[in-house]
Amino acid sequence: MAPRPSHRRRRSSTEFHSLFKMVEKVGVERIAMPVTVRELDMERDLPAVEELERQCQVGISGDQGSAAADGAKKSKKKKRERMSLCVEQIGDPLARVRHAPEHVMLVAECGEKMVGVIKACTKMVSRGSVRSSKNTSPSSPSPLSGSPTQQQPYVKVAFLLGLRVSPSHRRLGIGTTLVRAAEEWSRAHGAAHATMATTVSNKASLALFAGRFGYAPFRRPVLLGRPVHARRLPLKRHHRVFQLQPALAAAAYARLLPPQDTEFLPADMPALLAHKLTLGTFVAIEGSDHHTATDAEQPSFAVLSVWDSTRSLSMRVGGAPALLRHSLAAVRALDRAAPWMRVPSVPDIFRPFGAYLLYGVRMSGPAGPALLRTLCRHAHNVARKNPACAVVAADLAPGDPAAVAVPSWRRFSCDEDVWCIKNLSDGNADPSDDDDDWAAPAPPGSVLFVDPREF
């Protein structure tokens, strides 16, 4: 089918045409059909995008939608169903990229049917300390001045998010075409690097990005989550919790997260802190009557910000055995009937629920871990006021000292996330000529910042 005339689309849209033909099975026949990749038309495409998102719910065990594609290939041996966390985008399909001035959502069409989507955005983020591929030190002396060379603190990076391919049209090159189009869009907008996130168990995604497109796995953040209980969690009496105004919070983070020591810190951090979905930035300190630190000791404090993702993401635990579901329901009923027993009930996570995300999690001083646990309890108490929120979670680097202090439940946490990166410079250039290697292990003491807007 020929493409529709361009005057029917938005003038700002940029259309990409794939140069290959996909092969679609119809019974025993194979019919060659052209695939077109273009920008999203919100009014026309929203119902199809929502339907595609439902078909391709993603979980910590990989893309749950792939099961539908393999439905005809049932195993002779019945395997025990595993529990998995399914995540579905709700509301605005551009919510994860709209905060960036440069963003796009590309859709793939086969005839009149939408068969795939991908989102991309570019923004300035911090690099942290550069590890040179020719010199292991973060910086090397300048041959002219003799002083260390100064790296740019921020670099333009493209983020590829939300790749979805219809279960009935997989293994036909549609994902490859979408990624290639997203990379072309990113290069056209000046991105020096492209990143994507997946899970260790998502072999198909890793094969596509790492195998075919040359992305290098380089960071492994851990998601630390805990359920939101019906009761308020008590705070230590000698701990004081204060809320910072966005301007003051931005000034505090500027000192706590310097760009030369932090990876992926967004240049628009003040805008993130002032966003309507940031419910507040909170700091915890010890009360003056309990402070016993000497002048030589580092002051103790903890700070974090709370992001409400209940409006953009819906989660659900699937594959749970009936005995577990009924047991948790009984515990909830007991907690409602006899709250004085203080039974640690868990919300109904087998129905769609939302989460609050903690970001900018930092601590300092000998009492820092205890103060951070107090802040996490305070965030829990904020979350329990929202009936849609069932989990409070934080994304941190596994070597971050704060990761040990954040309370978490194993069943609500995940250590399978993998970030991959690719240099978008001239593909004909020799990789050994690069003056730095971002894919190298992070220097000791560096901080990995996870932007909640792209969760």
# chains A, B, ... in the order shown; residues from 1 in each chain; ligands from 1
>>> select_by_dssp(residues="region 145-387 of chain A", states="helix (DSSP H, G or I)", output="PDB file with C-alpha atoms, in the first residue's frame")
ATOM      1  CA  PRO A 167       3.812 -10.586  19.105  1.00  0.00           C
ATOM      2  CA  SER A 168       2.374 -11.627  15.736  1.00  0.00           C
ATOM      3  CA  HIS A 169       5.086  -9.747  13.798  1.00  0.00           C
ATOM      4  CA  ILE A 174      10.773  -4.679  12.565  1.00  0.00           C
ATOM      5  CA  GLY A 175      12.698  -4.072  15.781  1.00  0.00           C
ATOM      6  CA  THR A 176      15.913  -3.633  13.789  1.00  0.00           C
ATOM      7  CA  THR A 177      14.273  -1.055  11.552  1.00  0.00           C
ATOM      8  CA  LEU A 178      12.857   0.887  14.505  1.00  0.00           C
ATOM      9  CA  VAL A 179      16.196   0.992  16.340  1.00  0.00           C
ATOM     10  CA  ARG A 180      18.006   2.094  13.173  1.00  0.00           C
ATOM     11  CA  ALA A 181      15.465   4.885  12.630  1.00  0.00           C
ATOM     12  CA  ALA A 182      15.756   6.000  16.279  1.00  0.00           C
ATOM     13  CA  GLU A 183      19.554   6.118  15.991  1.00  0.00           C
ATOM     14  CA  GLU A 184      19.318   8.178  12.801  1.00  0.00           C
ATOM     15  CA  TRP A 185      16.983  10.610  14.563  1.00  0.00           C
ATOM     16  CA  SER A 186      19.395  10.810  17.536  1.00  0.00           C
ATOM     17  CA  ARG A 187      22.410  11.525  15.333  1.00  0.00           C
ATOM     18  CA  ALA A 188      20.455  14.204  13.483  1.00  0.00           C
ATOM     19  CA  LYS A 203      17.886 -12.400  25.548  1.00  0.00           C
ATOM     20  CA  ALA A 204      16.108 -11.085  22.457  1.00  0.00           C
ATOM     21  CA  SER A 205      16.678  -7.444  23.450  1.00  0.00           C
ATOM     22  CA  LEU A 206      20.334  -8.058  24.301  1.00  0.00           C
ATOM     23  CA  ALA A 207      20.864  -9.905  21.018  1.00  0.00           C
ATOM     24  CA  LEU A 208      19.362  -6.996  19.081  1.00  0.00           C
ATOM     25  CA  PHE A 209      21.145  -4.100  20.780  1.00  0.00           C
ATOM     26  CA  ALA A 210      24.445  -5.702  21.824  1.00  0.00           C
ATOM     27  CA  GLY A 211      24.725  -8.246  19.031  1.00  0.00           C
ATOM     28  CA  ARG A 212      23.432  -6.404  15.990  1.00  0.00           C
ATOM     29  CA  PRO A 246      12.930  23.107  44.938  1.00  0.00           C
ATOM     30  CA  ALA A 247      15.470  25.946  44.678  1.00  0.00           C
ATOM     31  CA  LEU A 248      17.145  24.959  47.946  1.00  0.00           C
ATOM     32  CA  ALA A 249      17.041  21.281  46.943  1.00  0.00           C
ATOM     33  CA  ALA A 250      18.763  22.117  43.629  1.00  0.00           C
ATOM     34  CA  ALA A 251      21.514  23.959  45.503  1.00  0.00           C
ATOM     35  CA  ALA A 252      21.966  21.011  47.872  1.00  0.00           C
ATOM     36  CA  TYR A 253      22.226  18.474  45.046  1.00  0.00           C
ATOM     37  CA  ALA A 254      24.701  20.716  43.217  1.00  0.00           C
ATOM     38  CA  ARG A 255      27.076  20.151  46.151  1.00  0.00           C
ATOM     39  CA  LEU A 256      26.198  16.508  46.782  1.00  0.00           C
ATOM     40  CA  PRO A 259      28.930  16.343  37.559  1.00  0.00           C
ATOM     41  CA  GLN A 260      32.568  15.229  37.565  1.00  0.00           C
ATOM     42  CA  ASP A 261      31.688  12.508  40.085  1.00  0.00           C
ATOM     43  CA  MET A 269      17.997  18.932  37.587  1.00  0.00           C
ATOM     44  CA  PRO A 270      16.209  22.072  38.917  1.00  0.00           C
ATOM     45  CA  ALA A 271      13.315  21.381  36.527  1.00  0.00           C
ATOM     46  CA  LEU A 272      13.115  17.772  37.738  1.00  0.00           C
ATOM     47  CA  LEU A 273      12.993  18.880  41.379  1.00  0.00           C
ATOM     48  CA  ALA A 322      -3.380 -19.456  44.382  1.00  0.00           C
ATOM     49  CA  LEU A 323      -2.215 -20.395  47.874  1.00  0.00           C
ATOM     50  CA  LEU A 324      -0.005 -17.293  48.077  1.00  0.00           C
ATOM     51  CA  ARG A 325      -2.754 -14.991  46.799  1.00  0.00           C
ATOM     52  CA  HIS A 326      -5.285 -16.327  49.303  1.00  0.00           C
ATOM     53  CA  SER A 327      -2.774 -16.207  52.167  1.00  0.00           C
ATOM     54  CA  LEU A 328      -1.945 -12.542  51.564  1.00  0.00           C
ATOM     55  CA  ALA A 329      -5.639 -11.720  51.259  1.00  0.00           C
ATOM     56  CA  ALA A 330      -6.262 -13.369  54.630  1.00  0.00           C
ATOM     57  CA  VAL A 331      -3.447 -11.377  56.241  1.00  0.00           C
ATOM     58  CA  ARG A 332      -4.921  -8.123  54.871  1.00  0.00           C
ATOM     59  CA  ALA A 333      -8.324  -9.035  56.261  1.00  0.00           C
ATOM     60  CA  LEU A 334      -6.780  -9.780  59.661  1.00  0.00           C
ATOM     61  CA  ASP A 335      -4.924  -6.464  59.651  1.00  0.00           C
ATOM     62  CA  ARG A 336      -8.138  -4.564  58.905  1.00  0.00           C
ATOM     63  CA  ALA A 337     -10.096  -6.421  61.576  1.00  0.00           C
ATOM     64  CA  PRO A 339      -5.034  -3.336  63.601  1.00  0.00           C
ATOM     65  CA  TRP A 340      -3.763  -3.493  67.199  1.00  0.00           C
ATOM     66  CA  MET A 341      -1.983  -6.748  66.301  1.00  0.00           C
ATOM     67  CA  GLY A 368      23.875   8.577  57.677  1.00  0.00           C
ATOM     68  CA  PRO A 369      22.531   5.006  57.238  1.00  0.00           C
ATOM     69  CA  ALA A 370      20.123   5.360  60.182  1.00  0.00           C
ATOM     70  CA  LEU A 371      18.950   8.756  58.920  1.00  0.00           C
ATOM     71  CA  LEU A 372      18.410   7.339  55.424  1.00  0.00           C
ATOM     72  CA  ARG A 373      16.271   4.522  56.837  1.00  0.00           C
ATOM     73  CA  THR A 374      14.218   7.180  58.619  1.00  0.00           C
ATOM     74  CA  LEU A 375      13.733   9.045  55.330  1.00  0.00           C
ATOM     75  CA  CYS A 376      12.623   5.823  53.619  1.00  0.00           C
ATOM     76  CA  ARG A 377      10.064   5.321  56.365  1.00  0.00           C
ATOM     77  CA  HIS A 378       8.900   8.908  55.872  1.00  0.00           C
ATOM     78  CA  ALA A 379       8.546   8.270  52.115  1.00  0.00           C
ATOM     79  CA  HIS A 380       6.508   5.152  52.955  1.00  0.00           C
ATOM     80  CA  ASN A 381       4.182   7.247  55.107  1.00  0.00           C
ATOM     81  CA  VAL A 382       3.774   9.736  52.254  1.00  0.00           C
ATOM     82  CA  ALA A 383       2.963   6.887  49.842  1.00  0.00           C
TER      83      ALA A 383
END
>>> closest_residue(among="A:Ser364, A:Pro299, A:His229, A:Pro441", to="Pro387 (chain A)", atoms="only C-alpha atoms")
A:His229
>>> atom_distance(atom1="CA of Leu94 (chain A)", atom2="CA of Leu46 (chain A)")
10.5 Å
